[in-house]
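For reference, data_36.cif is printed below; it contains mmCIF, C-alpha atoms.
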data_upload
loop_
_atom_site.label_atom_id
_atom_site.label_comp_id
_atom_site.auth_asym_id
_atom_site.auth_seq_id
_atom_site.Cartn_x
_atom_site.Cartn_y
_atom_site.Cartn_z
CA MET A 138 64.05 112.04 58.64
CA ASN A 139 65.52 115.50 59.32
CA ARG A 140 62.04 117.05 59.38
CA TRP A 141 60.96 114.47 61.92
CA LEU A 142 63.95 115.21 64.14
CA LYS A 143 63.35 118.98 64.04
CA LEU A 144 59.83 118.69 65.44
CA LEU A 145 61.22 119.91 68.75
CA ALA A 146 61.88 123.29 67.14
CA HIS A 147 58.68 123.34 65.04
CA ALA A 148 55.83 122.20 67.26
CA ASP A 149 53.23 122.90 64.55
CA ALA A 150 54.65 120.25 62.20
CA SER A 151 52.69 117.08 61.75
CA GLY A 152 53.74 113.75 63.22
CA PRO A 153 54.89 112.52 66.64
CA ILE A 154 57.60 114.34 68.57
CA PRO A 155 60.64 112.07 69.07
CA THR A 156 61.44 111.09 72.64
CA LEU A 157 64.84 111.57 74.28
CA GLU A 158 65.53 107.85 74.06
CA GLU A 159 64.81 107.85 70.33
CA LEU A 160 67.13 110.79 69.78
CA LEU A 161 69.91 109.11 71.78
CA ALA A 162 69.60 106.06 69.53
CA LEU A 163 69.66 108.16 66.35
CA VAL A 164 72.94 109.76 67.44
CA TYR A 165 74.52 106.44 66.36
CA ALA A 166 72.61 106.16 63.05
CA ALA A 167 74.48 105.14 59.91
CA ASP A 168 73.40 108.29 58.04
CA GLY A 169 75.49 111.41 58.76
CA TYR A 170 72.57 113.81 58.19
CA THR A 171 70.54 111.90 60.76
CA ARG A 172 73.37 111.98 63.30
CA GLN A 173 73.85 115.74 62.80
CA ALA A 174 70.14 116.45 63.19
CA ALA A 175 69.98 114.26 66.31
CA VAL A 176 72.94 116.11 67.85
CA GLU A 177 71.33 119.49 67.14
CA ALA A 178 68.04 118.31 68.63
CA LEU A 179 69.80 117.08 71.80
CA ALA A 180 71.50 120.46 72.15
CA GLU A 181 68.08 122.13 72.08
CA ILE A 182 66.80 119.85 74.83
CA GLY A 183 69.58 121.08 77.14
CA ASP A 184 69.60 117.95 79.35
CA PRO A 185 73.18 117.26 80.61
CA ARG A 186 72.46 113.52 80.60
CA VAL A 187 73.09 113.58 76.83
CA LEU A 188 76.77 114.58 77.26
CA PRO A 189 78.16 111.03 76.77
CA GLN A 190 76.51 110.78 73.35
CA LEU A 191 77.63 114.28 72.35
CA LEU A 192 81.24 113.54 73.36
CA ALA A 193 81.13 110.36 71.28
CA ARG A 194 79.95 112.32 68.24
CA ALA A 195 82.67 114.95 68.77
CA ASN A 196 84.99 112.37 67.19
CA ASP A 197 82.57 111.51 64.35
CA TRP A 198 84.04 110.75 60.93
CA VAL A 199 81.83 113.46 59.36
CA SER A 200 83.15 116.97 60.00
CA GLN A 201 79.66 118.56 60.10
CA VAL A 202 78.60 116.14 62.83
CA ARG A 203 81.79 116.89 64.79
CA HIS A 204 81.13 120.64 64.54
CA ALA A 205 77.52 120.25 65.70
CA ALA A 206 78.66 118.10 68.63
CA ARG A 207 81.31 120.65 69.68
CA VAL A 208 78.79 123.47 69.62
CA ALA A 209 76.36 121.37 71.66
CA ILE A 210 79.03 120.35 74.19
CA GLU A 211 80.11 123.94 74.81
CA SER A 212 76.53 124.84 75.68
CA PHE A 213 76.87 122.55 78.72
CA LEU A 214 79.94 124.28 80.18
CA ARG A 215 77.83 125.52 83.08
CA ASP A 216 78.24 124.82 86.79
CA ASP A 217 74.71 123.41 87.05
CA CYS A 218 75.69 120.64 84.57
CA ILE A 219 78.59 119.24 86.65
CA ASP A 220 76.69 116.02 87.48
CA GLY A 221 76.28 115.37 83.76
CA TRP A 222 80.01 115.87 83.23
CA ILE A 223 80.80 113.40 86.01
CA ALA A 224 78.64 110.78 84.29
CA ALA A 225 80.36 111.55 80.98
CA LEU A 226 83.95 111.17 82.26
CA PRO A 227 84.56 107.82 80.45
CA LYS A 228 83.58 109.40 77.12
CA LEU A 229 85.67 112.48 77.91
CA ALA A 230 88.66 110.23 78.59
CA ALA A 231 88.05 108.47 75.26
CA LEU A 232 87.86 111.81 73.43
CA SER A 233 91.21 112.85 74.94
CA ARG A 234 92.79 109.81 73.24
CA ALA A 235 90.96 110.23 69.90
CA ARG A 236 93.04 111.20 66.87
CA ARG A 237 90.48 111.49 64.05
CA ALA A 238 90.57 115.29 64.36
CA ASP A 239 92.23 117.95 66.49
CA HIS A 240 90.22 118.18 69.71
CA SER A 241 92.79 120.17 71.69
CA GLY A 242 90.80 123.42 71.67
CA LEU A 243 87.61 121.76 72.89
CA LEU A 244 89.48 119.75 75.54
CA LEU A 245 91.22 122.88 76.84
CA ARG A 246 87.89 124.65 77.26
CA ILE A 247 86.39 121.62 79.02
CA GLU A 248 89.38 121.34 81.36
CA ALA A 249 89.24 125.05 82.16
CA PHE A 250 85.58 124.62 83.10
CA LEU A 251 86.20 121.50 85.22
CA ALA A 252 89.21 123.14 86.91
CA ARG A 253 87.05 125.81 88.54
CA PRO A 254 87.41 125.45 92.35
CA GLY A 255 83.88 124.21 93.02
CA ASN A 256 83.93 121.77 90.11
CA LEU A 257 87.38 120.46 91.02
CA GLU A 258 86.22 119.68 94.55
CA ARG A 259 83.16 117.91 93.17
CA LEU A 260 85.35 115.78 90.89
CA ALA A 261 87.64 114.88 93.80
CA SER A 262 84.67 113.40 95.66
CA VAL A 263 83.97 110.87 92.89
CA GLN A 264 87.59 109.79 92.17
CA HIS A 265 86.97 106.25 93.43
CA ALA A 266 83.43 105.87 92.06
CA THR A 267 84.24 106.00 88.35
CA SER A 268 85.45 103.43 85.84
CA HIS A 269 89.15 102.60 85.49
CA VAL A 270 89.47 104.64 82.29
CA ALA A 271 87.74 107.66 83.81
CA ALA A 272 89.69 107.35 87.07
CA ARG A 273 92.99 107.46 85.17
CA TRP A 274 91.97 110.55 83.21
CA LEU A 275 90.61 112.21 86.34
CA PHE A 276 93.78 111.57 88.33
CA ALA A 277 96.00 113.05 85.59
CA PHE A 278 93.62 116.02 85.31
CA ARG A 279 93.68 116.70 89.06
CA ALA A 280 97.47 116.30 89.21
CA ARG A 281 97.75 119.07 86.60
CA HIS A 282 95.23 121.48 88.11
CA VAL A 283 95.41 121.14 91.91
CA LEU A 284 97.17 124.31 93.06
CA GLN A 285 97.74 123.68 96.79
CA ALA A 286 101.18 122.10 97.20
CA ALA A 287 100.24 119.88 100.15
CA THR A 288 97.12 118.57 98.41
CA ARG A 289 99.07 117.88 95.21
CA LEU A 290 101.82 116.00 97.07
CA SER A 291 99.23 113.88 98.86
CA LEU A 292 97.43 113.19 95.59
CA VAL A 293 100.61 112.08 93.81
CA ARG A 294 101.73 109.95 96.77
CA ASP A 295 98.36 108.17 96.85
CA GLY A 296 98.62 107.66 93.09
CA LEU A 297 102.02 106.01 93.43
CA MET A 298 100.49 103.53 95.88
CA SER A 299 97.48 102.88 93.61
CA SER A 300 96.52 99.39 92.48
CA ASP A 301 95.93 100.75 88.96
CA ILE A 302 99.03 100.78 86.76
CA GLY A 303 97.69 103.71 84.73
CA ILE A 304 97.24 105.89 87.81
CA ALA A 305 100.60 104.82 89.24
CA GLY A 306 102.29 105.67 85.93
CA ALA A 307 100.61 109.10 85.80
CA ALA A 308 101.68 109.76 89.40
CA LEU A 309 105.26 108.84 88.52
CA ALA A 310 105.17 111.26 85.58
CA ALA A 311 103.86 113.98 87.91
CA ALA A 312 106.64 113.29 90.43
CA ARG A 313 109.29 113.40 87.70
CA GLY A 314 107.96 116.74 86.48
CA MET A 315 108.41 118.44 89.85
CA PRO A 316 111.39 120.74 90.43
CA PRO A 317 114.40 119.22 92.22
CA GLY A 318 114.09 119.22 95.97
CA THR A 319 113.03 117.26 99.00
CA PRO A 320 109.32 116.89 98.01
CA ARG A 321 110.28 115.39 94.66
CA ASP A 322 112.83 113.04 96.23
CA ASN A 323 110.30 111.90 98.83
CA LEU A 324 107.80 111.07 96.10
CA LEU A 325 110.43 109.13 94.14
CA GLY A 326 111.21 107.23 97.32
CA ALA A 327 107.52 106.41 97.61
CA ALA A 328 107.60 105.21 93.99
CA CYS A 329 110.15 102.59 95.10
CA LEU A 330 107.40 101.11 97.29
CA SER A 331 104.84 100.82 94.48
CA ARG A 332 103.29 97.43 93.80
CA PHE A 333 104.36 97.70 90.14
CA ALA A 334 107.93 96.77 89.24
CA LYS A 335 107.99 99.23 86.35
CA VAL A 336 107.21 102.12 88.70
CA ARG A 337 109.69 100.93 91.33
CA ALA A 338 112.45 100.63 88.72
CA ALA A 339 111.77 104.11 87.32
CA GLY A 340 111.68 105.66 90.79
CA LEU A 341 114.98 104.03 91.73
CA ARG A 342 116.63 105.22 88.50
CA GLU A 343 115.50 108.79 89.13
CA LEU A 344 116.81 108.73 92.70
CA LEU A 345 120.17 107.34 91.60
CA CYS A 346 120.48 110.25 89.15
CA SER A 347 119.85 112.81 91.88
CA PRO A 348 123.15 114.06 93.35
CA GLN A 349 121.45 115.48 96.44
CA VAL A 350 120.12 112.12 97.62
CA SER A 351 122.10 109.49 99.51
CA THR A 352 120.60 106.10 98.74
CA PRO A 353 122.88 103.32 100.08
CA SER A 354 120.28 101.86 102.45
CA LEU A 355 117.55 102.06 99.80
CA VAL A 356 119.77 100.41 97.18
CA ARG A 357 120.64 97.59 99.56
CA GLU A 358 116.95 97.05 100.24
CA MET A 359 116.06 97.09 96.56
CA CYS A 360 118.66 94.37 95.90
CA MET A 361 116.16 92.01 97.52
CA ASP A 362 113.22 93.20 95.38
CA ALA A 363 110.95 90.57 93.88
CA SER A 364 111.44 91.99 90.37
CA PRO A 365 114.60 90.99 88.42
CA LEU A 366 114.50 94.40 86.70
CA VAL A 367 114.61 96.31 89.98
CA ARG A 368 117.27 93.98 91.41
CA SER A 369 119.50 94.46 88.37
CA ILE A 370 119.37 98.27 88.76
CA ALA A 371 120.09 98.05 92.49
CA LEU A 372 122.91 95.52 92.11
CA ALA A 373 124.58 97.72 89.48
CA ALA A 374 124.57 100.62 91.95
CA VAL A 375 125.34 98.79 95.19
CA GLY A 376 129.13 98.97 94.70
CA ASP A 377 131.20 97.88 97.71
CA ASP A 378 128.07 96.82 99.60
CA LEU A 379 127.63 93.78 97.35
CA ALA A 380 129.30 91.45 99.83
CA GLY A 381 126.91 92.58 102.55
CA VAL A 382 123.91 92.04 100.27
CA LEU A 383 125.05 88.52 99.43
CA GLU A 384 125.67 87.72 103.08
CA ARG A 385 122.18 88.90 103.88
CA ALA A 386 120.80 86.63 101.15
CA ALA A 387 122.78 83.68 102.49
CA ALA A 388 121.58 84.39 106.03
CA THR A 389 118.01 84.53 104.76
CA LEU A 390 118.34 81.04 103.28
CA ARG A 391 120.01 79.67 106.41
CA SER A 392 117.48 81.12 108.83
CA GLY A 393 114.47 79.22 107.53
CA SER A 394 112.19 81.96 108.88
CA HIS A 395 111.87 83.76 105.55
CA THR A 396 108.78 83.92 103.38
CA ALA A 397 108.73 81.88 100.18
CA ARG A 398 109.17 85.02 98.06
CA GLU A 399 112.14 86.23 100.13
CA GLY A 400 113.74 82.80 99.87
CA ALA A 401 113.30 82.72 96.08
CA VAL A 402 114.90 86.15 95.70
CA ALA A 403 117.80 85.22 97.98
CA LEU A 404 118.35 82.03 96.01
CA GLN A 405 118.47 83.91 92.72
CA LEU A 406 120.96 86.41 94.13
CA ILE A 407 123.25 83.66 95.44
CA SER A 408 123.00 81.83 92.11
CA ALA A 409 124.09 84.91 90.17
CA ALA A 410 127.01 85.84 92.43
CA ARG A 411 128.11 82.56 94.04
CA PRO A 412 127.23 79.64 91.75
CA ALA A 413 129.12 77.12 93.88
CA ASP A 414 126.97 77.89 96.92
CA ALA A 415 123.74 77.93 94.91
CA LEU A 416 123.57 74.23 94.07
CA GLN A 417 123.41 73.15 97.70
CA ALA A 418 120.77 75.78 98.42
CA CYS A 419 118.76 74.63 95.38
CA ALA A 420 118.78 71.03 96.55
CA LYS A 421 117.15 72.24 99.77
CA ALA A 422 114.79 74.61 97.96
CA ILE A 423 113.20 71.97 95.72
CA ARG A 424 112.15 70.08 98.86
CA SER A 425 110.45 73.15 100.31
CA PRO A 426 106.68 73.04 100.89
CA ALA A 427 106.41 76.46 99.17
CA ALA A 428 105.83 76.23 95.40
CA VAL A 429 107.47 79.62 94.76
CA LEU A 430 110.71 78.44 96.36
CA ARG A 431 110.63 75.06 94.59
CA ARG A 432 110.11 76.80 91.25
CA ALA A 433 113.07 79.13 91.91
CA GLY A 434 115.22 76.16 92.93
CA TYR A 435 114.40 74.21 89.78
CA ALA A 436 115.04 77.28 87.61
CA VAL A 437 118.51 77.74 89.09
CA LEU A 438 119.29 74.02 88.84
CA TRP A 439 118.21 74.07 85.21
CA SER A 440 120.52 76.96 84.38
CA ARG A 441 123.46 75.17 86.05
CA SER A 442 122.82 71.62 84.77
CA ALA A 443 124.24 69.80 81.75
CA ALA A 444 121.96 68.72 78.91
CA ASP A 445 121.96 65.03 79.94
CA VAL A 446 120.64 65.94 83.41
CA ARG A 447 117.87 68.24 82.27
CA SER A 448 115.53 65.47 81.10
CA GLY A 449 115.42 64.15 84.65
CA LEU A 450 114.75 67.64 85.97
CA VAL A 451 111.84 68.02 83.56
CA LEU A 452 110.34 64.78 84.88
CA GLN A 453 110.77 65.96 88.47
CA MET A 454 109.06 69.24 87.71
CA LEU A 455 106.21 67.49 85.89
CA SER A 456 105.68 65.33 88.98
CA ASP A 457 105.46 68.36 91.27
CA PRO A 458 102.08 68.95 92.95
CA SER A 459 102.16 72.66 92.02
CA ALA A 460 100.89 73.76 88.61
CA LYS A 461 103.35 76.68 88.71
CA VAL A 462 106.30 74.29 88.85
CA ARG A 463 104.82 72.05 86.16
CA ARG A 464 104.33 75.04 83.86
CA LEU A 465 108.06 75.72 84.17
CA ALA A 466 108.78 72.24 82.79
CA VAL A 467 106.29 72.68 79.96
CA ASP A 468 107.93 76.00 79.10
CA TYR A 469 111.41 74.46 78.98
CA VAL A 470 110.27 71.65 76.69
CA GLY A 471 108.46 74.15 74.50
CA ARG A 472 111.73 76.05 74.10
CA GLY A 473 113.60 72.98 72.91
CA ALA A 474 114.49 70.85 75.93
CA GLU A 475 114.30 67.09 75.41
CA PRO A 476 111.11 65.55 76.82
CA PRO A 477 111.42 62.73 79.39
CA PRO A 478 111.33 59.10 78.19
CA LEU A 479 107.93 58.14 76.84
CA ALA A 480 107.25 55.44 79.47
CA ALA A 481 108.03 57.85 82.32
CA LEU A 482 105.89 60.52 80.72
CA GLU A 483 102.96 58.15 80.26
CA SER A 484 103.18 57.01 83.88
CA LEU A 485 102.36 60.54 85.04
CA ALA A 486 98.80 60.10 83.73
CA ALA A 487 98.10 57.86 86.74
CA ARG A 488 97.78 61.09 88.73
CA PRO A 489 94.83 63.07 87.28
CA GLU A 490 96.21 66.43 88.42
CA LEU A 491 99.32 65.86 86.27
CA LEU A 492 97.46 64.88 83.09
CA ARG A 493 97.20 68.36 81.62
CA SER A 494 100.93 69.10 82.00
CA MET A 495 101.82 65.67 80.65
CA LEU A 496 99.70 66.22 77.55
CA SER A 497 101.30 69.63 77.02
CA VAL A 498 104.74 68.02 76.95
CA LEU A 499 103.51 65.11 74.83
CA VAL A 500 102.79 67.57 72.00
CA HIS A 501 106.56 67.97 71.55
CA THR A 502 107.23 64.27 70.96
CA SER A 503 106.94 62.29 67.72
CA PRO A 504 103.36 62.46 66.36
CA TRP A 505 103.21 58.67 66.28
CA ASP A 506 104.45 58.27 69.85
CA ARG A 507 101.92 60.90 70.81
CA LEU A 508 99.10 58.99 69.14
CA LEU A 509 100.05 55.67 70.74
CA VAL A 510 100.17 57.20 74.22
CA LEU A 511 96.82 58.94 73.74
CA LEU A 512 95.14 55.79 72.43
CA ARG A 513 96.46 53.73 75.34
CA LEU A 514 95.24 56.37 77.79
CA GLN A 515 91.82 56.46 76.17
CA ALA A 516 91.54 52.68 76.23
CA ARG A 517 92.23 52.39 79.95
CA MET A 518 90.55 55.61 81.07
CA ALA A 519 88.01 54.97 83.80
CA ALA A 520 84.49 55.74 82.66
CA PRO A 521 83.55 57.87 85.72
CA ASP A 522 86.57 60.15 85.18
CA GLN A 523 84.73 62.37 82.73
CA ALA A 524 87.12 65.35 82.98
CA ALA A 525 90.21 63.26 82.20
CA THR A 526 88.42 61.47 79.35
CA GLU A 527 87.41 64.78 77.77
CA ARG A 528 90.98 66.06 78.07
CA VAL A 529 92.35 63.01 76.25
CA VAL A 530 89.66 63.31 73.57
CA GLN A 531 90.61 66.96 73.07
CA ALA A 532 94.26 65.91 72.75
CA LEU A 533 93.28 63.36 70.07
CA GLN A 534 91.33 66.04 68.21
CA ALA A 535 94.38 68.31 68.37
CA TRP A 536 96.49 65.44 67.00
CA CYS A 537 94.13 65.14 64.02
CA ALA A 538 94.45 68.89 63.37
CA ASP A 539 98.26 68.73 63.58
CA MET A 540 98.42 65.76 61.19
CA THR A 541 97.10 67.91 58.34
CA ARG A 542 100.59 69.45 58.19
CA THR A 543 102.72 66.50 59.30
CA PHE A 544 104.92 64.44 56.98
CA VAL A 545 106.75 62.30 59.56
CA GLN A 546 106.65 58.65 58.51
CA PRO A 547 105.84 56.08 61.24
CA ALA A 548 108.67 53.82 62.37
CA ALA A 549 108.39 50.04 62.14
CA ARG A 550 107.38 49.72 65.81
CA HIS A 551 104.58 52.24 65.28
CA GLN A 552 103.31 50.30 62.28
CA GLU A 553 103.31 46.99 64.19
CA LEU A 554 101.48 48.39 67.22
CA LEU A 555 98.85 50.15 65.15
CA ALA A 556 98.32 47.11 62.92
CA THR A 557 97.56 44.88 65.90
CA ALA A 558 95.94 47.21 68.42
CA TRP A 559 94.02 49.75 66.31
CA PRO A 560 90.78 47.68 66.04
CA GLU A 561 90.65 47.40 69.85
CA TRP A 562 91.46 51.08 70.38
CA ARG A 563 88.96 52.11 67.72
CA ALA A 564 86.16 50.54 69.73
CA CYS A 565 86.94 52.91 72.65
CA LEU A 566 86.48 56.03 70.54
CA ASP A 567 83.54 58.05 69.33
CA ALA A 568 82.68 57.08 65.75
CA GLY A 569 83.41 60.54 64.36
CA LEU A 570 86.78 60.85 66.09
CA ALA A 571 87.71 57.28 65.13
CA SER A 572 86.97 58.08 61.48
CA ARG A 573 89.16 61.20 61.57
CA ILE A 574 92.07 59.28 63.09
CA GLU A 575 91.59 56.45 60.61
CA PHE A 576 91.71 58.91 57.73
CA HIS A 577 95.21 60.02 58.78
CA LEU A 578 96.30 56.43 59.37
CA HIS A 579 95.17 55.49 55.86
CA ALA A 580 97.11 58.45 54.46
CA PHE A 581 100.28 56.74 55.73
CA GLY A 582 99.17 53.24 54.74
CA LEU A 583 98.15 52.19 58.25
CA GLY A 584 94.99 50.91 59.86
CA ARG A 585 93.57 49.19 56.76
CA SER A 586 91.83 45.88 57.33
CA THR A 587 93.29 42.98 55.36
#

Would you mind writing the file out in structure tokens?
Amino acid sequence: MNRWLKLLAHADASGPIPTLEELLALVYAADGYTRQAAVEALAEIGDPRVLPQLLARANDWVSQVRHAARVAIESFLRDDCIDGWIAALPKLAALSRARRADHSGLLLRIEAFLARPGNLERLASVQHATSHVAARWLFAFRARHVLQAATRLSLVRDGLMSSDIGIAGAALAAARGMPPGTPRDNLLGAACLSRFAKVRAAGLRELLCSPQVSTPSLVREMCMDASPLVRSIALAAVGDDLAGVLERAAATLRSGSHTAREGAVALQLISAARPADALQACAKAIRSPAAVLRRAGYAVLWSRSAADVRSGLVLQMLSDPSAKVRRLAVDYVGRGAEPPPLAALESLAARPELLRSMLSVLVHTSPWDRLLVLLRLQARMAAPDQAATERVVQALQAWCADMTRTFVQPAARHQELLATAWPEWRACLDAGLASRIEFHLHAFGLGRST
């Protein structure tokens, strides 16, 4: 195999000369000798298009292959190969995260080459045309090597506004690393406008720790942030302005001209600071046409309600037209809240859009109540409603899977209903599913014909 690969260096040898595509495939061969020979052959070709494969082999588990790949890579540290390096940026980013061996020396030499003025400008032109992984590495690289202060500030500010959390995080790290002064404070202020709560929270913390910056207006504004994390930091620092913040939240709720998100935040603030005023606001919020505001209203009502009231709230949330609100009810039941009465829960199936949420809550009831409800639903399910029928069948299959680890004995009412109605319900089921259910019924002494 090695002799075959070295035909490029020995043209008088017998046999066909391997093509570039064949060599690129052999770089990933299972045999280490083959990989090493392929890497050496690619280095002799000198085509920068092979850089992605060479960078991948620089982290090979065989040290000889790694060494051959490093030697080959360094032969491409030429300005005329910059297009090949641009195409290889994803693999370069992966190598920077690799820990199989120490690549720091190689990476430093690559970065020194890419940081040359002409190469750096060429990389800047492709910042938005690369993959997410490569774009993150490229942003961090440029933030470290751009020398002009104005260009660096603009780069970091754009990074803080990025829609990529990796780039925004790298920009925040770059802003933190700057010396104290107005440019750094301006960048941290821009971080407070990021679309990511983690970045906004970190930027606000840094500004609050800076003695040279006066932040009362910013802190008051951040008290109305959509993120609970950011709000908690701002509320802890607002001091004597708390009354003004709460009055602004109350005015927001009274005005009716707020967005749904602003109303939800104001409601949460009022609930935390003025519980007595929150209940009236929640009663209005759960009648809002905006699902975000209804969800916030139900969440506050839940936190302020007694246990005997919460079952009714769960039923109200499950009846809501918004899936976001219904998921809140499913989450509460999953965390231990009592499900609504079985008859009320079963009645929700009359509305097809509520069926999925109802079945999610039904899982947390008695396995025998769950089976009876599912069998009744299957028996009266309209034939054309294929989606609903499939959902109920899936729920019955999940019941069969759960019964393999269930030891709850059926109550007398369960036994009576199954004894009389099972033959009729069985006829509505697929033969295979009916047999699986019958197996579990027989295990508890039910469903046997007399």

- Message: Residue by residue, what does the PyMOL selection byres ((chain A and resi 248) around 12) grab here? Present the result as a PyMOL selection string.
- Response: chain A and resi 211+214+222+226+229-230+233+241-247+249-254+256-257+260+274-275+277-279+281-282

- Starting from the shown file, work through the PyMOL selection byres ((chain A and resi 474-491) around 8) and note down what comes out as an MDAnalysis selection string. chainID A and resid 447:449 451:452 455:456 458 469:473 492:495 498:499 501:502 506 510 514 525

Could you list the residues chosen by the PyMOL selection byres ((chain A and resi 355) around 10) in this structure as a PDB file with C-alpha atoms, in the frame of the given file?
ATOM      1  CA  GLY A 326     111.210 107.230  97.320  1.00  0.00           C
ATOM      2  CA  CYS A 329     110.150 102.590  95.100  1.00  0.00           C
ATOM      3  CA  LEU A 341     114.980 104.030  91.730  1.00  0.00           C
ATOM      4  CA  LEU A 344     116.810 108.730  92.700  1.00  0.00           C
ATOM      5  CA  SER A 351     122.100 109.490  99.510  1.00  0.00           C
ATOM      6  CA  THR A 352     120.600 106.100  98.740  1.00  0.00           C
ATOM      7  CA  PRO A 353     122.880 103.320 100.080  1.00  0.00           C
ATOM      8  CA  SER A 354     120.280 101.860 102.450  1.00  0.00           C
ATOM      9  CA  VAL A 356     119.770 100.410  97.180  1.00  0.00           C
ATOM     10  CA  ARG A 357     120.640  97.590  99.560  1.00  0.00           C
ATOM     11  CA  GLU A 358     116.950  97.050 100.240  1.00  0.00           C
ATOM     12  CA  MET A 359     116.060  97.090  96.560  1.00  0.00           C
ATOM     13  CA  CYS A 360     118.660  94.370  95.900  1.00  0.00           C
ATOM     14  CA  ALA A 371     120.090  98.050  92.490  1.00  0.00           C
ATOM     15  CA  VAL A 375     125.340  98.790  95.190  1.00  0.00           C
TER      16      VAL A 375
END

- Task: Choose the residue, out of A:Ala209, A:Val187, A:Ala433, A:Ala327, that has the smallest atom-to-atom separation from Ala225 in chain A; count all atoms listed in the file.
- Result: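 For Ala225 in chain A, the nearest of the given residues is A:Val187.
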
- Query: Distance CA of Asp197 in chain A-CA of Gly169 in chain A, one decimal place?
  - Reply: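 Straight-line distance from CA of Asp197 in chain A to CA of Gly169 in chain A works out to 9.0 Å.
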
Let me have the centre and edge lengths of the axis-aligned box enclosing all listed atoms of range 470-475 of chain A with 3 Å padding on every side, in Å to one decimal, as AutoDock Vina command-line options.
--center_x 111.5 --center_y 71.6 --center_z 74.8 --size_x 12.0 --size_y 15.0 --size_z 9.8

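The two atoms in question, CA of Cys537 in chain A and CA of Val467 in chain A, are spaced 21.4 Å apart.
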
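Applying the 12 Å criterion to (121.5, 78.5, 86.1) in file coordinates and using all atoms listed in the file, one obtains the residues A:Leu404, A:Gln405, A:Leu406, A:Ile407, A:Ser408, A:Ala409, A:Ala410, A:Arg411, A:Pro412, A:Ala413, A:Ala415, A:Leu416, A:Cys419, A:Ala433, A:Gly434, A:Tyr435, A:Ala436, A:Val437, A:Leu438, A:Trp439, A:Ser440, A:Arg441, A:Ser442, A:Ala443, A:Arg447.
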
- Message: So the first atom is CA of Ser212 in chain A and the second is CA of Leu191 in chain A; what is the distance between them in Å, to one decimal place?
- Response: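 Between these atoms lies a distance of 11.1 Å.
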
- Query: Quick one: residues within 10 Å of Ala305 in chain A, all atoms listed in the file counted, chain neighbours fewer than 4 positions away excluded, as a PyMOL selection string?
  - Reply: chain A and resi 273+276+293-301+309-311+328+331-333+335-336

Would you mind exporting C-alpha atoms of the selected residues as a short mmCIF file (atom, residue, chain, number, x, y, z; two decimals), in the coordinates of the input?
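Contents of selection.cif, as written:
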data_model
loop_
_atom_site.label_atom_id
_atom_site.label_comp_id
_atom_site.auth_asym_id
_atom_site.auth_seq_id
_atom_site.Cartn_x
_atom_site.Cartn_y
_atom_site.Cartn_z
CA ARG A 273 92.99 107.46 85.17
CA PHE A 276 93.78 111.57 88.33
CA VAL A 293 100.61 112.08 93.81
CA ARG A 294 101.73 109.95 96.77
CA ASP A 295 98.36 108.17 96.85
CA GLY A 296 98.62 107.66 93.09
CA LEU A 297 102.02 106.01 93.43
CA MET A 298 100.49 103.53 95.88
CA SER A 299 97.48 102.88 93.61
CA SER A 300 96.52 99.39 92.48
CA ASP A 301 95.93 100.75 88.96
CA LEU A 309 105.26 108.84 88.52
CA ALA A 310 105.17 111.26 85.58
CA ALA A 311 103.86 113.98 87.91
CA ALA A 328 107.60 105.21 93.99
CA SER A 331 104.84 100.82 94.48
CA ARG A 332 103.29 97.43 93.80
CA PHE A 333 104.36 97.70 90.14
CA LYS A 335 107.99 99.23 86.35
CA VAL A 336 107.21 102.12 88.70
#

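The smallest atom-to-atom distance between Ala387 in chain A and any of A:Gly400, A:Pro504, A:Gly582, A:Gly314, using all atoms listed in the file, is found for A:Gly400.
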
- Task: Tell me which of A:Leu390, A:Ala403, A:Ala564, A:Ser268 sits closest to Lys421 in chain A, counting all atoms listed in the file.
- Result: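 With all atoms listed in the file as the atom set, the closest residue is A:Leu390.
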
- Item | Residue with smallest distance to Arg513 in chain A - pool A:Leu555, A:Ile219, A:Ala549, A:Ala224, counting only C-alpha atoms |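 Nearest to Arg513 in chain A: A:Leu555.
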
- Message: Please determine, counting all atoms listed in the file, which residue among A:Gly255, A:Gly183, A:Gly381, A:Pro189 has the shortest atom-to-atom distance to Val164 in chain A.
- Response: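 Smallest separation from Val164 in chain A among the options: A:Pro189.
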